Amino acid sequence: MQNQLKFTNTNRSQFFATVRQRVDTYFKDNGISPHANSAMWWKAIFFLGGFFLLYGLLLSNQFNVWVMLGFAVGLGMFAAFIGFNISHDALHGAFSSKSWVNRILGASFYLVGANPYVWKITHNIVHHTYTNIPGHDEDIEIAPGLIRVDTDEPVRPWQRYQHWYAFALYSLASLSWVFRKDYIKFFKKQIGHHENQSHPKREYVKLFAAKLAYYFLFLILPYLVLELSWWQIGIGFLVMHLVEGIVLGLVFQLAHVVEGTSFPVPSDKGAIEEAWAIHQLRTTANFAPRSAVAAFFCGGLNRQIEHHLFPKVCHIHYPALTHLVKQTAADFDLPYLENRSFFSALHSHYRLLKLLGRPA
């Protein structure tokens with residue numbers, strides 16, 4: 001295993017200390033908790049209620065096959081929204097000051113078909129620490145050999161078309177999670193350069209028990225109670241996950257793989273020669289920051305800069321923090337990357353994929 005990568009604040013920047021002090025002052029002066037407020041709890045009820053309502057209507061067997069296919073599409077969307085809005089905050093410890101509340105709400109990740117324990121390793125520890133660093137952040141290893149974002153990686157002939165086929169691959173994201181990704185990550189000796197040490201025995205039980213429960217609830221039970229053939233059940237399951245996958249994939253990629261974001265290479269001594277917080281500014285971008293619709297459905301992930309700097313703050317507060325972070329970045333002459341809309345970010349992602357798919 002290589003030496004642990006380190007961030008060295010060579011310029012002795014006070015950016016993070018300053019922005020953290022301003023954010024702390026905001027919460028203190030306004031008497032606000034950095035955790036969920038009533039609006040956040042209503043969001044959680046809305047998304048969980050919508051998911052279970054759609055699931056119940058689908059299993060009621062009272063609708064024709066096309067309406068049930070529509071329910072499958074809705075389930076895929078609501079699963080992604082649960083992941084963004086509830087699971088993500090809870091697994092970061094941001095939803096509540098009480099760990100048991102975060103633990104219970106974090107279990108909603110099972111509804112996405114994913115494992116919370118594995119996610120906390122790959123996302124909270126690895127991605128949030130080593131954002132966009134090739135060989136360390138496996139989140140940018142979207143489809144090794146098919147999609148190229150590392151400029152040191154050789155260009156393969158088919159990658160000149162990656163700006164087209166990448167979106168089809170994104171739609172497979174949640175299927176991979178359900179059937180492949182969690183198992184691989186759980187049993188790997190290291191993720192990126194993070195040593196994946198032995199897991200508690202209960203996590204082995206949770207991994208397999210939760211996966212079997214998911215397969216039963218979304219494949220076997222529908223086959224038992226619905227007047228549909230096995231292949232119709234399979235199509236519905238596939239459609240649900242294609243929708244879930246494209247929603248998950250696009251939101252994550254538009255935050256880190258757009259024009260302007262960097263993919264830093266460590267020095268020979270295994271160091272990134274700038275402060276961790278400044279590294280986050282250079283590797284992360286917001287999109288549609290003024291859109292209430294994006295904020296509601298994306299769980300604050302359209303404001304990834306604020307999230308990466310303050311992952312333990314509930315996303316319901318990000319709109320109020322945006323001005324503080326943006327102003328502090330300007331005060332220290334640091335970049336603050338953002339795309340004005342979802343579609344401008346999507347176009348930027350498309351252009352970057354096109355650029356990276358061709359020789360320099």
# chains A, B, ... in the order shown; residues from 1 in each chain; ligands from 1
call {"tool": "residues_around", "arguments": {"residues": "Asn37 of chain A", "least_positions_apart": "3", "cutoff": "10 Å", "atoms": "only C-alpha atoms", "output": "JSON, numbers by chain"}}
result
{"A": [32, 33, 34, 40, 41, 42, 95, 96, 314, 316, 317]}
call {"tool": "residues_around", "arguments": {"residues": "Phe187 of chain A", "least_positions_apart": "4", "cutoff": "12 Å", "atoms": "only C-alpha atoms", "output": "ChimeraX atom specification"}}
result
/A:118,180-183,191,195-199,203-204,207
call {"tool": "write_last_selection", "arguments": {"atoms": "N, CA and C atoms", "output": "mmCIF file, in the first residue's frame"}}
result
data_model
loop_
_atom_site.group_PDB
_atom_site.id
_atom_site.type_symbol
_atom_site.label_atom_id
_atom_site.label_comp_id
_atom_site.auth_asym_id
_atom_site.auth_seq_id
_atom_site.Cartn_x
_atom_site.Cartn_y
_atom_site.Cartn_z
ATOM 1 N N VAL A 118 -21.163 0.426 3.405
ATOM 2 C CA VAL A 118 -20.199 0.549 2.315
ATOM 3 C C VAL A 118 -20.152 1.990 1.814
ATOM 4 N N ARG A 180 -23.819 -5.627 -7.857
ATOM 5 C CA ARG A 180 -22.381 -5.775 -8.039
ATOM 6 C C ARG A 180 -21.536 -4.905 -7.108
ATOM 7 N N LYS A 181 -21.760 -3.594 -7.158
ATOM 8 C CA LYS A 181 -20.843 -2.631 -6.553
ATOM 9 C C LYS A 181 -20.626 -2.852 -5.056
ATOM 10 N N ASP A 182 -21.700 -3.014 -4.290
ATOM 11 C CA ASP A 182 -21.556 -3.149 -2.845
ATOM 12 C C ASP A 182 -20.746 -4.381 -2.468
ATOM 13 N N TYR A 183 -20.979 -5.489 -3.169
ATOM 14 C CA TYR A 183 -20.229 -6.706 -2.875
ATOM 15 C C TYR A 183 -18.735 -6.508 -3.148
ATOM 16 N N ILE A 191 -9.887 0.620 -0.950
ATOM 17 C CA ILE A 191 -10.706 1.415 -1.858
ATOM 18 C C ILE A 191 -9.922 2.680 -2.153
ATOM 19 N N GLU A 195 -7.228 1.796 3.155
ATOM 20 C CA GLU A 195 -7.217 0.385 3.535
ATOM 21 C C GLU A 195 -8.591 -0.024 4.057
ATOM 22 N N ASN A 196 -9.192 -1.003 3.398
ATOM 23 C CA ASN A 196 -10.521 -1.483 3.754
ATOM 24 C C ASN A 196 -10.362 -2.596 4.788
ATOM 25 N N GLN A 197 -10.245 -2.213 6.032
ATOM 26 C CA GLN A 197 -9.926 -3.163 7.096
ATOM 27 C C GLN A 197 -11.084 -4.127 7.343
ATOM 28 N N SER A 198 -10.836 -5.118 8.190
ATOM 29 C CA SER A 198 -11.862 -6.129 8.471
ATOM 30 C C SER A 198 -13.122 -5.462 9.010
ATOM 31 N N HIS A 199 -14.258 -5.973 8.566
ATOM 32 C CA HIS A 199 -15.540 -5.381 8.935
ATOM 33 C C HIS A 199 -16.141 -6.109 10.139
ATOM 34 N N GLU A 203 -21.969 -6.496 9.978
ATOM 35 C CA GLU A 203 -22.073 -5.865 8.665
ATOM 36 C C GLU A 203 -22.135 -6.900 7.549
ATOM 37 N N TYR A 204 -21.535 -8.064 7.764
ATOM 38 C CA TYR A 204 -21.682 -9.160 6.801
ATOM 39 C C TYR A 204 -23.144 -9.602 6.745
ATOM 40 N N LEU A 207 -25.302 -6.872 5.077
ATOM 41 C CA LEU A 207 -25.099 -6.797 3.637
ATOM 42 C C LEU A 207 -25.953 -7.821 2.910
#
call {"tool": "residues_around", "arguments": {"residues": "segment 268-277 of chain A", "least_positions_apart": "6", "cutoff": "7 Å", "atoms": "only C-alpha atoms", "output": "PDB file with N, CA and C atoms, in the first residue's frame"}}
result
ATOM      1  N   ASN A   3       1.933   5.271   0.578  1.00  0.00           N
ATOM      2  CA  ASN A   3       1.786   6.170   1.715  1.00  0.00           C
ATOM      3  C   ASN A   3       0.493   6.958   1.621  1.00  0.00           C
ATOM      4  N   LEU A   5      -1.981   9.811   1.333  1.00  0.00           N
ATOM      5  CA  LEU A   5      -1.900  11.112   0.687  1.00  0.00           C
ATOM      6  C   LEU A   5      -2.211  12.196   1.710  1.00  0.00           C
ATOM      7  N   LYS A   6      -1.457  13.296   1.653  1.00  0.00           N
ATOM      8  CA  LYS A   6      -1.645  14.376   2.608  1.00  0.00           C
ATOM      9  C   LYS A   6      -1.856  15.705   1.884  1.00  0.00           C
ATOM     10  N   PHE A   7      -2.607  16.583   2.540  1.00  0.00           N
ATOM     11  CA  PHE A   7      -2.794  17.948   2.047  1.00  0.00           C
ATOM     12  C   PHE A   7      -1.884  18.858   2.867  1.00  0.00           C
ATOM     13  N   THR A   8      -1.082  19.645   2.177  1.00  0.00           N
ATOM     14  CA  THR A   8      -0.165  20.553   2.869  1.00  0.00           C
ATOM     15  C   THR A   8      -0.560  21.987   2.532  1.00  0.00           C
ATOM     16  N   ASN A   9      -0.924  22.710   3.536  1.00  0.00           N
ATOM     17  CA  ASN A   9      -1.363  24.098   3.363  1.00  0.00           C
ATOM     18  C   ASN A   9      -0.132  24.988   3.213  1.00  0.00           C
ATOM     19  N   THR A  10       0.517  24.879   2.053  1.00  0.00           N
ATOM     20  CA  THR A  10       1.803  25.554   1.842  1.00  0.00           C
ATOM     21  C   THR A  10       1.706  27.072   1.930  1.00  0.00           C
ATOM     22  N   PHE A  16     -10.406  28.317   5.227  1.00  0.00           N
ATOM     23  CA  PHE A  16     -11.365  27.427   5.887  1.00  0.00           C
ATOM     24  C   PHE A  16     -11.675  27.902   7.298  1.00  0.00           C
ATOM     25  N   LEU A 309     -17.693  21.320   1.994  1.00  0.00           N
ATOM     26  CA  LEU A 309     -17.039  22.060   3.078  1.00  0.00           C
ATOM     27  C   LEU A 309     -17.705  21.785   4.422  1.00  0.00           C
TER      28      LEU A 309
END
call {"tool": "select_by_dssp", "arguments": {"residues": "segment 175-226 of chain A", "states": "alpha helix (DSSP H)", "output": "list in words"}}
result
Leu175, Ser176, Asp182, Tyr183, Ile184, Lys185, Phe186, Phe187, Lys201, Arg202, Glu203, Tyr204, Val205, Lys206, Leu207, Phe208, Ala209, Ala210, Lys211, Leu212, Ala213, Tyr214, Tyr215, Leu221, Pro222, Tyr223, Leu224 and Val225 of chain A
call {"tool": "write_last_selection", "arguments": {"atoms": "N, CA and C atoms", "output": "PDB file, in the first residue's frame"}}
result
ATOM      1  N   LEU A 175     -28.445  -0.339 -10.897  1.00  0.00           N
ATOM      2  CA  LEU A 175     -28.391  -1.790 -11.119  1.00  0.00           C
ATOM      3  C   LEU A 175     -27.048  -2.344 -10.653  1.00  0.00           C
ATOM      4  N   SER A 176     -25.986  -1.603 -10.964  1.00  0.00           N
ATOM      5  CA  SER A 176     -24.660  -2.011 -10.512  1.00  0.00           C
ATOM      6  C   SER A 176     -24.587  -2.030  -8.994  1.00  0.00           C
ATOM      7  N   ASP A 182     -21.700  -3.014  -4.290  1.00  0.00           N
ATOM      8  CA  ASP A 182     -21.556  -3.149  -2.845  1.00  0.00           C
ATOM      9  C   ASP A 182     -20.746  -4.381  -2.468  1.00  0.00           C
ATOM     10  N   TYR A 183     -20.979  -5.489  -3.169  1.00  0.00           N
ATOM     11  CA  TYR A 183     -20.229  -6.706  -2.875  1.00  0.00           C
ATOM     12  C   TYR A 183     -18.735  -6.508  -3.148  1.00  0.00           C
ATOM     13  N   ILE A 184     -18.427  -5.895  -4.300  1.00  0.00           N
ATOM     14  CA  ILE A 184     -17.018  -5.679  -4.665  1.00  0.00           C
ATOM     15  C   ILE A 184     -16.328  -4.760  -3.670  1.00  0.00           C
ATOM     16  N   LYS A 185     -16.978  -3.643  -3.347  1.00  0.00           N
ATOM     17  CA  LYS A 185     -16.366  -2.678  -2.433  1.00  0.00           C
ATOM     18  C   LYS A 185     -16.192  -3.280  -1.039  1.00  0.00           C
ATOM     19  N   PHE A 186     -17.162  -4.074  -0.607  1.00  0.00           N
ATOM     20  CA  PHE A 186     -17.121  -4.648   0.737  1.00  0.00           C
ATOM     21  C   PHE A 186     -15.926  -5.576   0.908  1.00  0.00           C
ATOM     22  N   PHE A 187     -15.622  -6.351  -0.132  1.00  0.00           N
ATOM     23  CA  PHE A 187     -14.573  -7.371  -0.010  1.00  0.00           C
ATOM     24  C   PHE A 187     -13.225  -6.939  -0.585  1.00  0.00           C
ATOM     25  N   LYS A 201     -18.703  -8.281  12.201  1.00  0.00           N
ATOM     26  CA  LYS A 201     -19.477  -9.434  11.726  1.00  0.00           C
ATOM     27  C   LYS A 201     -20.911  -9.053  11.381  1.00  0.00           C
ATOM     28  N   ARG A 202     -21.483  -8.123  12.145  1.00  0.00           N
ATOM     29  CA  ARG A 202     -22.873  -7.743  11.883  1.00  0.00           C
ATOM     30  C   ARG A 202     -23.043  -7.105  10.509  1.00  0.00           C
ATOM     31  N   GLU A 203     -21.969  -6.496   9.978  1.00  0.00           N
ATOM     32  CA  GLU A 203     -22.073  -5.865   8.665  1.00  0.00           C
ATOM     33  C   GLU A 203     -22.135  -6.900   7.549  1.00  0.00           C
ATOM     34  N   TYR A 204     -21.535  -8.064   7.764  1.00  0.00           N
ATOM     35  CA  TYR A 204     -21.682  -9.160   6.801  1.00  0.00           C
ATOM     36  C   TYR A 204     -23.144  -9.602   6.745  1.00  0.00           C
ATOM     37  N   VAL A 205     -23.744  -9.743   7.926  1.00  0.00           N
ATOM     38  CA  VAL A 205     -25.151 -10.160   8.005  1.00  0.00           C
ATOM     39  C   VAL A 205     -26.048  -9.118   7.351  1.00  0.00           C
ATOM     40  N   LYS A 206     -25.806  -7.840   7.667  1.00  0.00           N
ATOM     41  CA  LYS A 206     -26.630  -6.763   7.107  1.00  0.00           C
ATOM     42  C   LYS A 206     -26.517  -6.702   5.588  1.00  0.00           C
ATOM     43  N   LEU A 207     -25.302  -6.872   5.077  1.00  0.00           N
ATOM     44  CA  LEU A 207     -25.099  -6.797   3.637  1.00  0.00           C
ATOM     45  C   LEU A 207     -25.953  -7.821   2.910  1.00  0.00           C
ATOM     46  N   PHE A 208     -25.831  -9.084   3.297  1.00  0.00           N
ATOM     47  CA  PHE A 208     -26.524 -10.148   2.581  1.00  0.00           C
ATOM     48  C   PHE A 208     -28.024 -10.184   2.911  1.00  0.00           C
ATOM     49  N   ALA A 209     -28.387  -9.934   4.165  1.00  0.00           N
ATOM     50  CA  ALA A 209     -29.798  -9.961   4.547  1.00  0.00           C
ATOM     51  C   ALA A 209     -30.571  -8.845   3.854  1.00  0.00           C
ATOM     52  N   ALA A 210     -29.991  -7.655   3.800  1.00  0.00           N
ATOM     53  CA  ALA A 210     -30.659  -6.514   3.167  1.00  0.00           C
ATOM     54  C   ALA A 210     -30.779  -6.723   1.660  1.00  0.00           C
ATOM     55  N   LYS A 211     -29.754  -7.276   1.042  1.00  0.00           N
ATOM     56  CA  LYS A 211     -29.820  -7.543  -0.404  1.00  0.00           C
ATOM     57  C   LYS A 211     -30.905  -8.566  -0.705  1.00  0.00           C
ATOM     58  N   LEU A 212     -30.970  -9.636   0.070  1.00  0.00           N
ATOM     59  CA  LEU A 212     -31.999 -10.657  -0.147  1.00  0.00           C
ATOM     60  C   LEU A 212     -33.397 -10.074   0.058  1.00  0.00           C
ATOM     61  N   ALA A 213     -33.537  -9.230   1.080  1.00  0.00           N
ATOM     62  CA  ALA A 213     -34.830  -8.582   1.327  1.00  0.00           C
ATOM     63  C   ALA A 213     -35.220  -7.697   0.147  1.00  0.00           C
ATOM     64  N   TYR A 214     -34.243  -6.991  -0.405  1.00  0.00           N
ATOM     65  CA  TYR A 214     -34.517  -6.124  -1.551  1.00  0.00           C
ATOM     66  C   TYR A 214     -34.948  -6.950  -2.760  1.00  0.00           C
ATOM     67  N   TYR A 215     -34.229  -8.031  -3.039  1.00  0.00           N
ATOM     68  CA  TYR A 215     -34.593  -8.886  -4.171  1.00  0.00           C
ATOM     69  C   TYR A 215     -35.998  -9.457  -3.995  1.00  0.00           C
ATOM     70  N   LEU A 221     -41.783 -10.796  -4.650  1.00  0.00           N
ATOM     71  CA  LEU A 221     -43.139 -10.453  -4.189  1.00  0.00           C
ATOM     72  C   LEU A 221     -44.027  -9.938  -5.318  1.00  0.00           C
ATOM     73  N   PRO A 222     -43.545  -9.026  -6.174  1.00  0.00           N
ATOM     74  CA  PRO A 222     -44.390  -8.619  -7.311  1.00  0.00           C
ATOM     75  C   PRO A 222     -44.791  -9.798  -8.203  1.00  0.00           C
ATOM     76  N   TYR A 223     -43.883 -10.740  -8.391  1.00  0.00           N
ATOM     77  CA  TYR A 223     -44.204 -11.920  -9.214  1.00  0.00           C
ATOM     78  C   TYR A 223     -45.291 -12.765  -8.557  1.00  0.00           C
ATOM     79  N   LEU A 224     -45.275 -12.819  -7.218  1.00  0.00           N
ATOM     80  CA  LEU A 224     -46.246 -13.641  -6.500  1.00  0.00           C
ATOM     81  C   LEU A 224     -47.632 -13.012  -6.462  1.00  0.00           C
ATOM     82  N   VAL A 225     -47.714 -11.683  -6.388  1.00  0.00           N
ATOM     83  CA  VAL A 225     -49.022 -11.040  -6.167  1.00  0.00           C
ATOM     84  C   VAL A 225     -49.609 -10.387  -7.418  1.00  0.00           C
TER      85      VAL A 225
END
call {"tool": "closest_residue", "arguments": {"among": "A:Gly83, A:Gly49, A:Pro289, A:Pro264", "to": "Asp152 of chain A", "atoms": "only C-alpha atoms"}}
result
A:Pro264
call {"tool": "atom_distance", "arguments": {"atom1": "atom CA of Glu259 of chain A", "atom2": "atom CA of Leu172 of chain A"}}
result
23.9 Å
call {"tool": "closest_residue", "arguments": {"among": "A:Lys312, A:Asn64, A:Phe252, A:Gln304", "to": "Asn102 of chain A", "atoms": "only C-alpha atoms"}}
result
A:Lys312
call {"tool": "atom_distance", "arguments": {"atom1": "atom CA of Tyr350 of chain A", "atom2": "atom CA of Glu138 of chain A"}}
result
20.2 Å
call {"tool": "select_by_dssp", "arguments": {"residues": "segment 212-341 of chain A", "states": "strand (DSSP E)", "output": "ChimeraX atom specification"}}
result
/A:271-272,285-287,337-339
call {"tool": "residues_around", "arguments": {"residues": "segment 242-247 of chain A", "least_positions_apart": "3", "cutoff": "7 Å", "atoms": "only C-alpha atoms", "output": "JSON list (two decimals) with N, CA, C and O atoms, in the first residue's frame"}}
result
[["chain", "number", "residue", "atom", "x", "y", "z"],
["A", 73, "VAL", "N", -41.57, 3.76, -12.91],
["A", 73, "VAL", "CA", -40.79, 4.98, -13.19],
["A", 73, "VAL", "C", -40.78, 5.88, -11.96],
["A", 73, "VAL", "O", -39.73, 6.39, -11.55],
["A", 76, "GLY", "N", -38.52, 4.58, -9.21],
["A", 76, "GLY", "CA", -37.11, 4.86, -9.48],
["A", 76, "GLY", "C", -36.74, 6.28, -9.13],
["A", 76, "GLY", "O", -35.68, 6.53, -8.52],
["A", 77, "MET", "N", -37.60, 7.23, -9.48],
["A", 77, "MET", "CA", -37.32, 8.63, -9.17],
["A", 77, "MET", "C", -37.35, 8.88, -7.67],
["A", 77, "MET", "O", -36.45, 9.54, -7.11],
["A", 79, "ALA", "N", -36.86, 6.73, -5.28],
["A", 79, "ALA", "CA", -35.71, 6.07, -4.64],
["A", 79, "ALA", "C", -34.49, 6.98, -4.70],
["A", 79, "ALA", "O", -33.77, 7.15, -3.71],
["A", 80, "ALA", "N", -34.25, 7.58, -5.87],
["A", 80, "ALA", "CA", -33.13, 8.51, -6.00],
["A", 80, "ALA", "C", -33.31, 9.71, -5.09],
["A", 80, "ALA", "O", -32.35, 10.16, -4.43],
["A", 170, "TYR", "N", -24.62, 5.75, -17.29],
["A", 170, "TYR", "CA", -25.09, 6.31, -16.02],
["A", 170, "TYR", "C", -26.39, 5.65, -15.59],
["A", 170, "TYR", "O", -26.64, 5.45, -14.39],
["A", 171, "SER", "N", -27.24, 5.31, -16.55],
["A", 171, "SER", "CA", -28.53, 4.71, -16.22],
["A", 171, "SER", "C", -28.38, 3.34, -15.58],
["A", 171, "SER", "O", -29.32, 2.83, -14.97],
["A", 172, "LEU", "N", -27.20, 2.74, -15.71],
["A", 172, "LEU", "CA", -26.95, 1.42, -15.12],
["A", 172, "LEU", "C", -26.40, 1.52, -13.70],
["A", 172, "LEU", "O", -26.12, 0.50, -13.07],
["A", 173, "ALA", "N", -26.27, 2.74, -13.19],
["A", 173, "ALA", "CA", -25.61, 2.96, -11.90],
["A", 173, "ALA", "C", -26.27, 2.21, -10.75],
["A", 173, "ALA", "O", -25.61, 1.53, -9.96],
["A", 174, "SER", "N", -27.59, 2.31, -10.63],
["A", 174, "SER", "CA", -28.24, 1.67, -9.49],
["A", 174, "SER", "C", -28.33, 0.15, -9.66],
["A", 174, "SER", "O", -28.29, -0.60, -8.68],
["A", 238, "LEU", "N", -36.28, -3.36, -14.39],
["A", 238, "LEU", "CA", -35.23, -2.72, -15.19],
["A", 238, "LEU", "C", -35.53, -1.25, -15.41],
["A", 238, "LEU", "O", -34.65, -0.39, -15.24],
["A", 239, "VAL", "N", -36.77, -0.93, -15.76],
["A", 239, "VAL", "CA", -37.16, 0.46, -16.00],
["A", 239, "VAL", "C", -36.99, 1.29, -14.73],
["A", 239, "VAL", "O", -36.47, 2.41, -14.76],
["A", 250, "LEU", "N", -26.43, 11.47, -13.09],
["A", 250, "LEU", "CA", -26.28, 12.84, -13.58],
["A", 250, "LEU", "C", -26.00, 13.82, -12.46],
["A", 250, "LEU", "O", -25.12, 14.69, -12.57],
["A", 251, "VAL", "N", -26.73, 13.70, -11.36],
["A", 251, "VAL", "CA", -26.54, 14.65, -10.27],
["A", 251, "VAL", "C", -25.12, 14.56, -9.71],
["A", 251, "VAL", "O", -24.47, 15.58, -9.44]]
call {"tool": "closest_residue", "arguments": {"among": "A:Pro335, A:Asp89, A:Phe342, A:Leu324", "to": "Val293 of chain A", "atoms": "only C-alpha atoms"}}
result
A:Phe342
